[in-house]
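Participant: Can you keep this structure in mind? I'll have questions shortly.
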Amino acid sequence: MGVVNGKEFIDRLNQLKTEIWFDGEKVAGNLSEHPAFKGLLQTKASLYDLQCQPELKEQMTFVSPSTGERVGLSYLQPKTKEDLLKRRKMIEQWARHTGGLMGRSPDYLNSVLMSFASSAELLTGRENCFPEHIRSLYELACEKDLSFTHTFITPQVNRSQIYSEDANEPISAQIVDKNEQGLIIKGARLLATQGGLTDEVLVFHAPKLFFQSNEAFAFSIPSDTKGLKFICRESFLNSESRFDHPLSSQYEEMDSVIIFDHVLVPWERVFFYDNIKAANDFLKKSSFSPFAVHQAVTRQTIKTEFILGVAELLVQTINVSEYQHIQEKLSEIMIGLETMRALLEKSENDAQLDEWGSMRPSLIPLQAASNVFPRIYPRFTEIIQLIGASGMVSLPTEKAFQSAIRKDLDQYLQAANNTAVDRTKLFRLAWDLTMSSFGTRQTHYERYFFGDPVRLASGLYKDYPKDDYVKAINKWLQSE
């Protein structure tokens with residue numbers, strides 16, 4: 001089959017019988033027509049349409065060695081640095097289409113699944129491990145251009161490192177039984193972004209100090225599997241108006257809690273289970289982190305470009321570029337952008353083949369970037385708020401410009417270099433990006449994209465190759 005277009009993606013999603021709950025009610029009818037999901041799904045459909053444009057075919061797809069069909073380039077297993085660059089250019093195409101605001105565009109989890117398949121050999125010969133199932137799912141996903149959500153965070157009942165649960169009534173999703181058909185899963189997982197709005201759910205565990213063997217599993221199942229339930233948070237979409245809510249109307253990614261009510265996971269969909277050592281090794285030693293972070297840092301770099309564009313246009317619109325404090329603020333964003341670009345390119349320049357023949361981007365520069373961005377992104381949103389000042393909170397709506405007060409608005413809301421309509425559209429964009437419920441969710445999302453920032457810093461410290469620098473200082477001290 002190969003790549004799908006937007007209509008094919010929407011039609012396939014509408015045919016699923018996924019159980020989704022929104023605002024206390026079970027969602028009925030076509031998902032693509034539901035007010036809370038409509039804008040996002042239209043945007044995702046436009047991404048799939050991009051990869052089907054003839055002029056973008058070489059940039060967005062590659063020929064599958066298995067089928068001879070063109071498949072999405074985010075599924076490409078890179079063997080050379082040139083392949084790695086192709087992947088990044090493709091990711092940039094989709095990220096620019098959304099301003100980097102869609103954290104779970106399809107290429108993110110396509111990259112994750114690709115990394116799993118590339119490292120599947122790590123599980124060969126280990127108890128309760130099925131590397132062939134990972135490879136089979138990867139081939140299926142390529143051929144059908146499947147979309148995925150994923151979940152790995154456990155409910156925040158008790159965050160103590162030694163907390164364990166009653167196995168009879170689990171809160172965190174656990175294996176409660178198994179039979180000839182597969183595993184039986186009961187419990188919950190948190191924060192499935194776009195949960196219920198994809199073909200599949202990829203389930204694995206987040207690393208932690210202690211966890212039980214019945215939590216050590218990984219698998220993928222269709223979103224409409226019996227017993228699987230998605231409970232949505234409140235929508236951050238205030239209206240469908242592109243004028244009033246230019247970002248949330250298109251990019252509001254719903255987050256959901258996933259409930260597993262004795263869900264049967266067929267054996268052919270199980271990657272591994274009841275093997276704590278294999279579960280930990282797979283995330284730590286596979287190419288998961290290099291490729292997942294490479295995709296995310298690429299998107300975040302494009303998002304920084306978007307932030308810079310909004311900030312500079314605000315400056316030009318109200319004519320404040322002559323002030324040094326404004327120049328300083330814009331330079332902060334520029335420095336952040338160039339830092340992200342440099343770390344991303346270094347990860348590619350320092351890429352090396354792993355033991356299974358995949359060209360992995362260097363993880364250290366990517367770890368540095370994933371420590372930098374959660375710190376600079378909140379500052380970037382603050383800079384936009386400071387530039388906009390009072391203009392961010394005195395914004396008329398689209399309907400106001402269609403009313404009898406239009407003449408007043410045109411007169412009193414004009415800008416030095418723009419009409420009242422265009423000035424208002426720009427300031428509403430800045431507001432939606434940084435101050436609306438959608439915008440504040442974006443900030444929180446980037447703060448915790450790869451987890452606790454303190455833990456990320458600790459991970460970088462542990463992984464960083466420090467020995468040569470220590471040896472150099474010891475040598476210098478001994479030379480006196």
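A note on labels: chains of the structure tokens are A, B, ... as shown, every chain counts residues from 1, and ligands are counted from 1 in their shown order.
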Write down as an MDAnalysis selection string the residues belonging to range 36-179 of chain A that are assigned helix (DSSP H, G or I) by DSSP computed on the backbone.
Facilitator: chainID A and resid 38:50 54:60 73:75 81:98 106:118 120:123 131:144
Participant: Counting only C-alpha atoms, which residues of range 228-279 of chain A fall within 8 Å of range 32-39 of chain A, and what is the closest atom pair for each with its distance in Å at one decimal, ordered by chain and rising number, as CSV?
Facilitator:
```
residue,atom,partner,partner_atom,distance
A:Ser235,CA,A:Ala36,CA,6.2
A:Leu237,CA,A:Ala36,CA,6.8
A:Glu240,CA,A:Gly39,CA,7.4
A:Ser249,CA,A:Gly39,CA,5.5
A:Gln250,CA,A:Gly39,CA,4.6
A:Tyr251,CA,A:Gly39,CA,6.9
A:Glu252,CA,A:Gly39,CA,7.5
A:Met254,CA,A:Phe37,CA,7.5
```
Participant: Selection from above, N, CA, C and O atoms, as a PDB file, in the first residue's frame, can you write it?
Facilitator:
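To be explicit, this is the file written out as out.pdb:
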```pdb
ATOM      1  N   SER A 235     -10.664  20.177  26.647  1.00  0.00           N
ATOM      2  CA  SER A 235     -10.077  20.703  25.422  1.00  0.00           C
ATOM      3  C   SER A 235      -9.581  22.131  25.639  1.00  0.00           C
ATOM      4  O   SER A 235     -10.206  22.923  26.342  1.00  0.00           O
ATOM      5  N   LEU A 237      -9.219  24.038  23.056  1.00  0.00           N
ATOM      6  CA  LEU A 237      -9.728  24.702  21.864  1.00  0.00           C
ATOM      7  C   LEU A 237     -10.935  25.545  22.254  1.00  0.00           C
ATOM      8  O   LEU A 237     -11.956  25.019  22.696  1.00  0.00           O
ATOM      9  N   GLU A 240     -13.314  27.371  16.699  1.00  0.00           N
ATOM     10  CA  GLU A 240     -12.704  26.925  15.451  1.00  0.00           C
ATOM     11  C   GLU A 240     -12.202  28.093  14.605  1.00  0.00           C
ATOM     12  O   GLU A 240     -11.654  27.880  13.521  1.00  0.00           O
ATOM     13  N   SER A 249      -6.854  26.142  17.112  1.00  0.00           N
ATOM     14  CA  SER A 249      -7.842  25.639  16.155  1.00  0.00           C
ATOM     15  C   SER A 249      -7.251  24.602  15.215  1.00  0.00           C
ATOM     16  O   SER A 249      -7.984  23.828  14.596  1.00  0.00           O
ATOM     17  N   GLN A 250      -5.908  24.557  15.123  1.00  0.00           N
ATOM     18  CA  GLN A 250      -5.258  23.621  14.206  1.00  0.00           C
ATOM     19  C   GLN A 250      -4.399  22.573  14.906  1.00  0.00           C
ATOM     20  O   GLN A 250      -4.279  21.447  14.412  1.00  0.00           O
ATOM     21  N   TYR A 251      -3.809  22.939  16.047  1.00  0.00           N
ATOM     22  CA  TYR A 251      -2.757  22.090  16.612  1.00  0.00           C
ATOM     23  C   TYR A 251      -3.038  21.616  18.035  1.00  0.00           C
ATOM     24  O   TYR A 251      -2.128  21.142  18.701  1.00  0.00           O
ATOM     25  N   GLU A 252      -4.257  21.733  18.495  1.00  0.00           N
ATOM     26  CA  GLU A 252      -4.591  21.280  19.844  1.00  0.00           C
ATOM     27  C   GLU A 252      -4.544  19.753  19.906  1.00  0.00           C
ATOM     28  O   GLU A 252      -5.435  19.059  19.426  1.00  0.00           O
ATOM     29  N   MET A 254      -4.941  16.573  21.824  1.00  0.00           N
ATOM     30  CA  MET A 254      -5.601  16.074  23.025  1.00  0.00           C
ATOM     31  C   MET A 254      -4.700  15.083  23.770  1.00  0.00           C
ATOM     32  O   MET A 254      -4.009  14.275  23.157  1.00  0.00           O
TER      33      MET A 254
END
```
Participant: Skip Gly99 in chain A itself and residues of its chain fewer than 5 positions away, then list as number ranges by chain all residues within 9 Å of it, counting only C-alpha atoms.
Facilitator: A: 94, 299, 302-307
Participant: Ranking A:Pro155, A:Thr149, A:Gln367, A:Arg423 by minimum distance to Ala206 in chain A and counting only C-alpha atoms, which one comes first?
Facilitator: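 Nearest candidate to Ala206 in chain A out of A:Pro155, A:Thr149, A:Gln367, A:Arg423: A:Pro155.
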Participant: Go through A:Lys7, A:Lys26, A:Lys144, A:Arg233 one by one, measure the shortest atom-to-atom distance of each to Gly72 in chain A using only C-alpha atoms, and give the residue with the smallest value.
Facilitator: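 Between A:Lys7, A:Lys26, A:Lys144, A:Arg233, the residue approaching Gly72 in chain A most closely is A:Lys144.
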Participant: Excluding Arg87 in chain A and any residue of its chain fewer than 6 positions from it, enumerate the residues within 10 Å of it, using only C-alpha atoms, and give them as a PyMOL selection string.
Facilitator: chain A and resi 59-61+72-78+81+107+111+294-295
Participant: What separation in Å, quoted to one decimal, exists between CA of Lys466 in chain A and CA of Ser287 in chain A?
Facilitator: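 CA of Ser287 in chain A lies at a distance of 22.3 Å from CA of Lys466 in chain A.
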Participant: So that each row is one residue of range 85-202 of chain A with an atom at most 12 Å from range 443-450 of chain A, can you give its shortest atom pair and the distance in Å to one decimal, using only C-alpha atoms, rows by chain and rising number, as JSON lines?
Facilitator:
```
{"residue": "A:Gly100", "atom": "CA", "partner": "A:Glu446", "partner_atom": "CA", "distance": 11.3}
{"residue": "A:Leu101", "atom": "CA", "partner": "A:Glu446", "partner_atom": "CA", "distance": 10.1}
{"residue": "A:Met102", "atom": "CA", "partner": "A:Tyr445", "partner_atom": "CA", "distance": 10.7}
{"residue": "A:Gly103", "atom": "CA", "partner": "A:Tyr445", "partner_atom": "CA", "distance": 8.5}
{"residue": "A:Arg104", "atom": "CA", "partner": "A:Phe449", "partner_atom": "CA", "distance": 10.7}
{"residue": "A:Phe152", "atom": "CA", "partner": "A:Phe450", "partner_atom": "CA", "distance": 11.6}
{"residue": "A:Ile153", "atom": "CA", "partner": "A:Phe450", "partner_atom": "CA", "distance": 11.3}
{"residue": "A:Leu191", "atom": "CA", "partner": "A:Tyr445", "partner_atom": "CA", "distance": 10.7}
{"residue": "A:Thr193", "atom": "CA", "partner": "A:Tyr445", "partner_atom": "CA", "distance": 10.4}
```
Participant: Give me, as a PyMOL selection string, all polymer residues having an atom no more than 10 Å from Glu382 in chain A, counting only C-alpha atoms and skipping those fewer than 6 positions away in the same chain.
Facilitator: chain A and resi 329+376+388+434-435
Participant: List the neighbours of Cys142 in chain A out to 12 Å using only C-alpha atoms; skip same-chain residues closer than 6 positions along the sequence, and give me the result as a PDB file with C-alpha atoms, in the first residue's frame.
Facilitator:
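The resulting out07.pdb:
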```
ATOM      1  CA  MET A   1       0.000   0.000   0.000  1.00  0.00           C
ATOM      2  CA  GLY A   2       2.706   2.505   0.915  1.00  0.00           C
ATOM      3  CA  VAL A   3       2.068   6.089   1.927  1.00  0.00           C
ATOM      4  CA  VAL A   4      -1.480   7.261   2.510  1.00  0.00           C
ATOM      5  CA  THR A  61       9.346   9.046   0.997  1.00  0.00           C
ATOM      6  CA  PHE A  62      11.670   6.195   0.080  1.00  0.00           C
ATOM      7  CA  VAL A  63      11.257   2.884  -1.726  1.00  0.00           C
ATOM      8  CA  SER A  64      10.661   0.003   0.684  1.00  0.00           C
ATOM      9  CA  PRO A  65      13.200  -2.781   0.109  1.00  0.00           C
ATOM     10  CA  SER A  66      10.494  -5.282   1.135  1.00  0.00           C
ATOM     11  CA  THR A  67       7.596  -4.215  -1.081  1.00  0.00           C
ATOM     12  CA  GLY A  68       9.001  -1.822  -3.679  1.00  0.00           C
ATOM     13  CA  GLU A  69       6.326   0.703  -2.665  1.00  0.00           C
ATOM     14  CA  ARG A  70       7.064   4.233  -1.522  1.00  0.00           C
ATOM     15  CA  VAL A  71       6.777   4.566   2.258  1.00  0.00           C
ATOM     16  CA  GLY A  72       7.217   7.437   4.705  1.00  0.00           C
ATOM     17  CA  LEU A  73      10.817   8.545   5.110  1.00  0.00           C
ATOM     18  CA  SER A  74      10.456   8.740   8.886  1.00  0.00           C
ATOM     19  CA  TYR A  75      10.488   4.925   8.768  1.00  0.00           C
ATOM     20  CA  LEU A  76      13.893   4.881   7.057  1.00  0.00           C
ATOM     21  CA  GLN A  77      16.570   2.920   8.955  1.00  0.00           C
ATOM     22  CA  ASP A 107       7.190  11.074  12.408  1.00  0.00           C
ATOM     23  CA  ASN A 110       7.468   6.330  13.371  1.00  0.00           C
ATOM     24  CA  SER A 111      11.048   7.089  14.429  1.00  0.00           C
ATOM     25  CA  LEU A 113       9.206   2.161  16.061  1.00  0.00           C
ATOM     26  CA  MET A 114      12.020   2.291  13.519  1.00  0.00           C
ATOM     27  CA  ALA A 117      13.087  -2.577  14.878  1.00  0.00           C
ATOM     28  CA  ARG A 135      10.175  -6.387  13.075  1.00  0.00           C
ATOM     29  CA  SER A 136       6.768  -7.613  11.877  1.00  0.00           C
ATOM     30  CA  PHE A 148       0.743   5.694  16.617  1.00  0.00           C
TER      31      PHE A 148
END
```
Participant: Taking 3 positions as the minimum chain separation for residues in the same chain, which residues sit within 12 Å of Leu386 in chain A when counting only C-alpha atoms? Answer as a list in words.
Facilitator: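 Once the adjacent positions are removed, what remains is Ala311, Leu314, Val315, Val320, His325, Ile326, Lys329, Leu330, Arg379, Phe380, Thr381, Glu382, Ile383, Ala389, Ser390, Gly391, Met392, Val393, Ala430, Trp431, Thr434 and Met435 of chain A.
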Participant: Would you mind reading off the distance between CA of Ile20 in chain A and CA of Val263 in chain A, one decimal, in Å?
Facilitator: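 The value is 15.4 Å.
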Participant: Could you go through range 184-395 of chain A and tell me which residues DSSP, when run on the backbone, assigns to strand (DSSP E or B), listing them as a ChimeraX atom specification?
Facilitator: /A:184-193,200-203,217-222,228-232,255-266,270-273,352-353,359-360
Participant: Would you mind reading off the distance between CA of Leu85 in chain A and CA of Ile333 in chain A, one decimal, in Å?
Facilitator: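 About the pair CA of Leu85 in chain A and CA of Ile333 in chain A: they are 24.6 Å apart.
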Participant: Using only C-alpha atoms, find the one residue out of A:Ile258, A:Leu123, A:Leu41, A:Ala404 that sits nearest to Trp21 in chain A.
Facilitator: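 Ranking A:Ile258, A:Leu123, A:Leu41, A:Ala404 by distance to Trp21 in chain A, first place goes to A:Ile258.
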